[in-house]
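Pasted below: target_0.txt, compact mmCIF, C-alpha atoms and all ligand atoms.
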# COMPACT_ATOMS: atom_id res chain seq x y z
CA MET A 222 96.13 109.62 31.24
CA SER A 223 94.13 110.74 34.26
CA ALA A 224 95.13 113.94 36.02
CA LEU A 225 96.29 112.03 39.11
CA THR A 226 98.34 109.60 37.04
CA GLU A 227 100.05 112.57 35.44
CA VAL A 228 100.88 113.94 38.91
CA TYR A 229 102.25 110.50 39.94
CA ARG A 230 104.47 110.56 36.85
CA GLN A 231 105.81 113.97 37.80
CA ILE A 232 106.37 113.00 41.45
CA ALA A 233 108.26 109.87 40.39
CA SER A 234 110.89 112.01 38.68
CA CYS A 235 110.95 114.82 41.28
CA GLN A 236 114.47 115.82 42.34
CA ASP A 237 113.47 119.01 44.13
CA CYS A 238 115.01 118.15 47.49
CA GLU A 239 117.67 115.94 49.08
CA LEU A 240 115.19 113.18 49.93
CA ALA A 241 115.17 112.13 46.27
CA LYS A 242 118.73 110.82 46.71
CA HIS A 243 117.79 108.47 49.54
CA ARG A 244 114.44 107.08 48.48
CA ASN A 245 113.80 103.61 47.21
CA LYS A 246 110.33 104.45 45.84
CA VAL A 247 108.27 107.62 45.92
CA VAL A 248 104.98 107.29 47.79
CA PRO A 249 102.58 109.66 46.05
CA GLY A 250 99.37 108.40 47.65
CA GLU A 251 96.51 106.24 46.43
CA GLY A 252 92.76 106.12 46.14
CA PRO A 253 89.89 107.17 43.88
CA GLU A 254 90.26 110.41 41.95
CA ASN A 255 86.80 111.47 43.14
CA ALA A 256 87.19 110.46 46.81
CA ASP A 257 85.08 112.42 49.31
CA LEU A 258 87.53 111.68 52.11
CA LEU A 259 91.23 112.47 51.95
CA PHE A 260 93.53 111.33 54.78
CA ILE A 261 96.90 113.06 54.97
CA GLY A 262 99.70 111.57 57.05
CA GLU A 263 103.27 112.67 57.56
CA ALA A 264 105.91 110.87 55.53
CA PRO A 265 106.63 107.36 54.26
CA GLY A 266 108.44 105.00 56.61
CA TRP A 267 110.51 101.94 55.73
CA ASN A 268 107.59 99.77 54.58
CA GLU A 269 106.07 102.54 52.49
CA ASP A 270 109.42 103.30 50.85
CA GLN A 271 109.78 99.62 49.92
CA GLN A 272 106.30 99.32 48.41
CA GLY A 273 105.64 102.83 47.09
CA ARG A 274 102.31 102.82 48.94
CA PRO A 275 101.14 104.90 51.92
CA PHE A 276 100.33 103.47 55.35
CA VAL A 277 101.24 99.83 54.76
CA GLY A 278 103.10 99.28 58.07
CA ALA A 279 101.79 99.03 61.63
CA ALA A 280 100.19 102.49 61.60
CA GLY A 281 98.52 101.54 58.33
CA GLY A 282 97.06 98.41 59.92
CA PHE A 283 95.49 100.56 62.59
CA LEU A 284 94.24 103.06 59.99
CA ASP A 285 92.56 100.14 58.17
CA GLN A 286 90.85 99.14 61.44
CA LEU A 287 89.70 102.70 62.03
CA LEU A 288 88.27 102.86 58.51
CA ALA A 289 86.50 99.53 59.05
CA SER A 290 84.91 100.98 62.20
CA ILE A 291 83.02 103.42 59.96
CA GLY A 292 82.25 100.83 57.30
CA LEU A 293 84.96 101.86 54.83
CA ARG A 294 87.76 100.05 53.09
CA ARG A 295 90.94 101.88 52.23
CA GLU A 296 90.15 101.61 48.51
CA GLN A 297 87.18 103.93 49.09
CA VAL A 298 89.20 106.86 50.44
CA TYR A 299 92.27 108.71 49.29
CA ILE A 300 95.39 108.31 51.45
CA ALA A 301 98.40 110.58 51.03
CA ASN A 302 101.25 112.13 52.96
CA VAL A 303 102.66 115.64 53.18
CA ILE A 304 106.10 114.26 52.25
CA LYS A 305 106.33 111.89 49.30
CA CYS A 306 109.79 110.40 49.98
CA ARG A 307 111.07 108.69 53.11
CA PRO A 308 113.50 110.78 55.14
CA PRO A 309 116.62 108.72 55.90
CA GLN A 310 116.33 106.82 59.21
CA ASN A 311 112.82 108.29 59.45
CA ARG A 312 114.25 111.59 60.61
CA ASP A 313 111.99 114.63 60.67
CA PRO A 314 111.71 116.30 57.27
CA LEU A 315 113.44 119.69 57.06
CA PRO A 316 111.50 122.88 56.38
CA ASP A 317 112.91 123.22 52.85
CA GLU A 318 111.95 119.60 52.10
CA ILE A 319 108.41 120.24 53.29
CA GLN A 320 108.30 123.40 51.20
CA ALA A 321 109.62 121.64 48.08
CA CYS A 322 107.06 118.84 48.42
CA SER A 323 103.97 120.90 49.21
CA LYS A 324 103.05 121.50 45.57
CA TRP A 325 102.35 117.80 45.01
CA LEU A 326 99.78 117.55 47.77
CA ASP A 327 98.24 120.83 46.61
CA HIS A 328 97.84 119.38 43.08
CA GLN A 329 96.27 116.23 44.51
CA VAL A 330 93.75 118.24 46.55
CA GLU A 331 92.87 120.35 43.47
CA ILE A 332 92.21 117.24 41.41
CA ILE A 333 90.39 115.17 44.02
CA GLN A 334 88.34 118.04 45.47
CA PRO A 335 87.49 116.09 48.61
CA ARG A 336 84.67 117.12 50.91
CA VAL A 337 86.66 116.29 54.00
CA ILE A 338 90.41 116.41 54.59
CA VAL A 339 91.50 114.47 57.67
CA THR A 340 94.91 115.50 58.96
CA LEU A 341 96.86 112.72 60.67
CA GLY A 342 99.81 113.93 62.70
CA ARG A 343 101.86 117.06 62.93
CA TYR A 344 102.88 117.91 59.36
CA SER A 345 99.41 117.92 57.88
CA LEU A 346 98.19 119.68 61.04
CA ALA A 347 100.86 122.36 60.54
CA LYS A 348 99.86 122.78 56.88
CA TYR A 349 96.15 123.29 57.45
CA PHE A 350 96.04 124.49 61.08
CA PRO A 351 99.30 126.43 61.45
CA GLY A 352 100.28 127.23 65.01
CA GLU A 353 97.51 125.14 66.57
CA SER A 354 97.86 122.24 68.95
CA ILE A 355 96.37 118.83 68.28
CA GLY A 356 95.46 118.39 71.96
CA LYS A 357 93.08 121.35 71.66
CA ILE A 358 91.59 120.92 68.19
CA HIS A 359 91.48 117.18 67.45
CA GLY A 360 88.01 116.02 66.49
CA LYS A 361 86.76 119.54 65.67
CA PRO A 362 85.80 120.08 62.03
CA ARG A 363 86.48 123.40 60.34
CA LYS A 364 85.05 124.34 56.94
CA GLN A 365 86.92 126.64 54.58
CA ASN A 366 86.11 127.17 50.90
CA ASP A 367 83.81 124.15 50.77
CA ILE A 368 86.31 121.75 52.34
CA ILE A 369 85.97 120.50 55.90
CA TYR A 370 89.33 120.06 57.62
CA TYR A 371 89.26 117.54 60.43
CA PRO A 372 92.33 117.15 62.65
CA MET A 373 93.11 113.77 64.21
CA TYR A 374 96.02 112.26 66.08
CA HIS A 375 98.34 110.15 63.96
CA PRO A 376 97.49 106.42 64.18
CA ALA A 377 101.13 105.68 65.09
CA ALA A 378 100.78 107.92 68.16
CA ALA A 379 97.95 105.72 69.39
CA LEU A 380 100.14 102.64 68.93
CA HIS A 381 102.84 104.17 71.13
CA GLN A 382 100.56 105.84 73.65
CA GLY A 383 97.65 103.64 74.62
CA SER A 384 95.61 106.49 76.11
CA LEU A 385 95.26 108.06 72.65
CA ARG A 386 93.74 104.96 71.14
CA LYS A 387 90.24 105.62 72.43
CA ILE A 388 90.43 109.30 71.44
CA ILE A 389 91.42 108.52 67.87
CA GLN A 390 88.74 105.82 67.65
CA GLU A 391 86.10 108.28 68.87
CA ASP A 392 87.27 111.02 66.51
CA MET A 393 87.04 108.56 63.62
CA LEU A 394 83.46 107.63 64.51
CA ARG A 395 82.36 111.23 63.91
CA ILE A 396 83.46 111.25 60.29
CA PRO A 397 80.28 109.69 58.78
CA GLN A 398 78.18 112.41 60.41
CA ILE A 399 80.53 115.11 59.13
CA LEU A 400 80.28 113.69 55.62
CA THR A 401 76.49 113.52 55.63
CA GLN A 402 76.17 117.02 57.12
CA TRP A 403 78.85 118.50 54.85
CA GLU A 404 76.46 120.85 53.03
CA ARG A 405 74.82 122.09 56.22
CA ILE A 406 78.01 122.91 58.05
CA PRO A 407 78.65 126.66 57.73
CA GLU A 408 81.93 128.16 56.62
CA GLU A 409 83.97 129.19 59.61
CA VAL A 410 84.36 132.82 60.61
CA GLY A 411 87.98 133.60 61.41
CA VAL A 412 89.45 130.86 63.55
CA ARG A 413 86.23 130.05 65.42
CA GLN A 414 85.92 126.33 66.03
CA LEU A 415 82.81 124.52 64.97
CA GLU A 416 81.21 122.92 67.98
CA LEU A 417 78.26 121.38 66.19
CA PHE A 418 78.70 117.82 67.21
N1 LIG B 1 103.07 107.27 58.65
C1 LIG B 1 102.69 108.22 57.79
O1 LIG B 1 102.47 109.34 58.16
N2 LIG B 1 102.55 107.89 56.52
C2 LIG B 1 102.75 106.67 56.07
O2 LIG B 1 102.58 106.46 54.90
C3 LIG B 1 103.12 105.68 57.00
C4 LIG B 1 103.28 106.00 58.28

In C-alpha cells, what does this structure look like?
Amino acid sequence: MSALTEVYRQIASCQDCELAKHRNKVVPGEGPENADLLFIGEAPGWNEDQQGRPFVGAAGGFLDQLLASIGLRREQVYIANVIKCRPPQNRDPLPDEIQACSKWLDHQVEIIQPRVIVTLGRYSLAKYFPGESIGKIHGKPRKQNDIIYYPMYHPAAALHQGSLRKIIQEDMLRIPQILTQWERIPEEVGVRQLELF
C-alpha cells in the first residue's frame, strides 16, 4: 500500500472531531504522490461530501479552468483541503476541528514533498501565513525549507465577486514561472516578501 493510500485509510476512520458524525464521505484529497504542485482549499462542500473528492462543484469547475490556463489537468496536481469532512450546512469549521484535522494535511505534505504549495482561501492561508491578509500577500511566493508557499484567493470568491476573477487568473499565470525558477528562488529571511516577479 502506498504511503498516501495508508493515510486515506486512516482519514476514512477518523473520529477525532464532531464533523465525523455529520459527514457522508471523507474528502482526503487526490493527485499524484510525487506532485510538484499542491493546492490546498478550505473544506468540502455538499458536492465534495457526496463524492468524496475535492473541488468537484462550481469552485472546482473554475479551478479546472485556471489549471487549463497554465496547461495542466487536475490529474497532474495534488488537490486537498485543510478540513477533510464537510461542516454541517457549510458552516465555518471550529478551531478545535481545524486543530484535530491538521495532522492529516501535514502527513500529506510530508509524503508528497511538493515544490509549491498554493493556498486557496482563508484556512490554508491561516495555516501557512498566520496573521496575514490575502489582499496584501496574494500572488507573492515565499520559500521556506525548500517549499514555496503561494497564496491565492479562493476560486469560489472569484465566482461571488467578479472583480477578483482577473486577479486570481493573473496569480495563476505566474505559477509556471515559479515552478521553473524553484531552485533559484532564495529562502526568505524573516517575513520579507519575495518580489522577484
Ligand atoms: N471549496 C473548498 O475549499 N474545497 C473543496 O473541496 C470545494 C470547495

| task | Produce as a VMD selection string the set of residues near ligand LIG 1 (chain B), where near means within 9 Å with all atoms listed in the file considered. | result | chain A and resid 248 250 261 to 270 274 to 281 300 to 305 307 341 to 342 344 375 to 377

| field | Neighbour list for Leu385 (chain A) as JSON, numbers by chain, cut-off 12 Å, only C-alpha atoms, skip fewer than 4 positions in-chain | value | {"A": [355, 356, 359, 373, 374, 375, 376, 377, 378, 379, 380, 381, 389, 390, 391, 392]}

Contacts of Ile399 (chain A) within 9 Å, all atoms listed in the file, excl. fewer than 4 positions in-chain, as a CSV table (one decimal) with C-alpha atoms, in the frame of the given file:
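Result went into around_15.csv, see below:
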chain,number,residue,atom,x,y,z
A,337,VAL,CA,86.7,116.3,54.0
A,362,PRO,CA,85.8,120.1,62.0
A,369,ILE,CA,86.0,120.5,55.9
A,395,ARG,CA,82.4,111.2,63.9
A,403,TRP,CA,78.8,118.5,54.8
A,406,ILE,CA,78.0,122.9,58.0
A,418,PHE,CA,78.7,117.8,67.2

| message | I'd like the interatomic distance between CA of Arg405 (chain A) and CA of Arg336 (chain A), to a tenth of an Å. | response |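 So the answer is 12.2 Å.
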
| Which of A:Asn245, A:Thr226, A:Gln334, A:Ser290 sits closest to Pro397 (chain A) [using all atoms listed in the file] | A:Ser290

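Closest approach to Leu258 (chain A) from the set A:Gln297, A:Gln231, A:Gln320, A:Gln286 is made by A:Gln297, with distances taken over only C-alpha atoms.
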
Box along x, y and z, 4 Å on every side, all listed atoms of region 269-287 of chain A inside: centre and edge lengths in Å to one decimal, as JSON.
{"center_x": 99.7, "center_y": 101.7, "center_z": 54.8, "size_x": 28.1, "size_y": 14.5, "size_z": 23.5}

| request: Would you mind telling me which residue in A:Val247, A:Ile332, A:Ile368, A:Leu284 lies nearest to Ala233 (chain A) when using only C-alpha atoms? | output: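 Looking at the shortest contact to Ala233 (chain A), the residue is A:Val247.
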
| request: Determine, counting all atoms listed in the file, which protein, DNA and RNA residues have an atom within 10 Å of an atom of Leu240 (chain A); residues of the same chain fewer than 3 positions away are not included. Present the result as a ChimeraX atom specification. | output: /A:235-237,243-244,247,304-309,314-315,318

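Closest approach to Ile319 (chain A) among A:Ser345, A:Ile388, A:Ile358, A:Ile338 is made by A:Ser345 (distances from all atoms listed in the file).
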
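If only C-alpha atoms are the atoms counted, then among A:Ala347, A:Ile333, A:Ala256, A:Cys322 the closest residue to Leu293 (chain A) is A:Ala256.
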
| request: Using only C-alpha atoms, pick whichever of A:Ala224, A:Ala321, A:Leu259, A:Leu288 has the shortest atom-to-atom distance to Ala241 (chain A). | output: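 Closest to Ala241 (chain A), using only C-alpha atoms: A:Ala321.
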
| request: Go ahead and compute the interatomic distance for CA of Pro249 (chain A) and CA of Glu353 (chain A), in Å to one decimal. | output: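 Taking CA of Pro249 (chain A) as the start and CA of Glu353 (chain A) as the end point, the length is 26.2 Å.
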
| said: Between CA of Asp313 (chain A) and CA of Gln271 (chain A), what distance in Å does the model show, to one decimal? | reply: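 Answer for the CA of Asp313 (chain A) to CA of Gln271 (chain A) separation: 18.6 Å.
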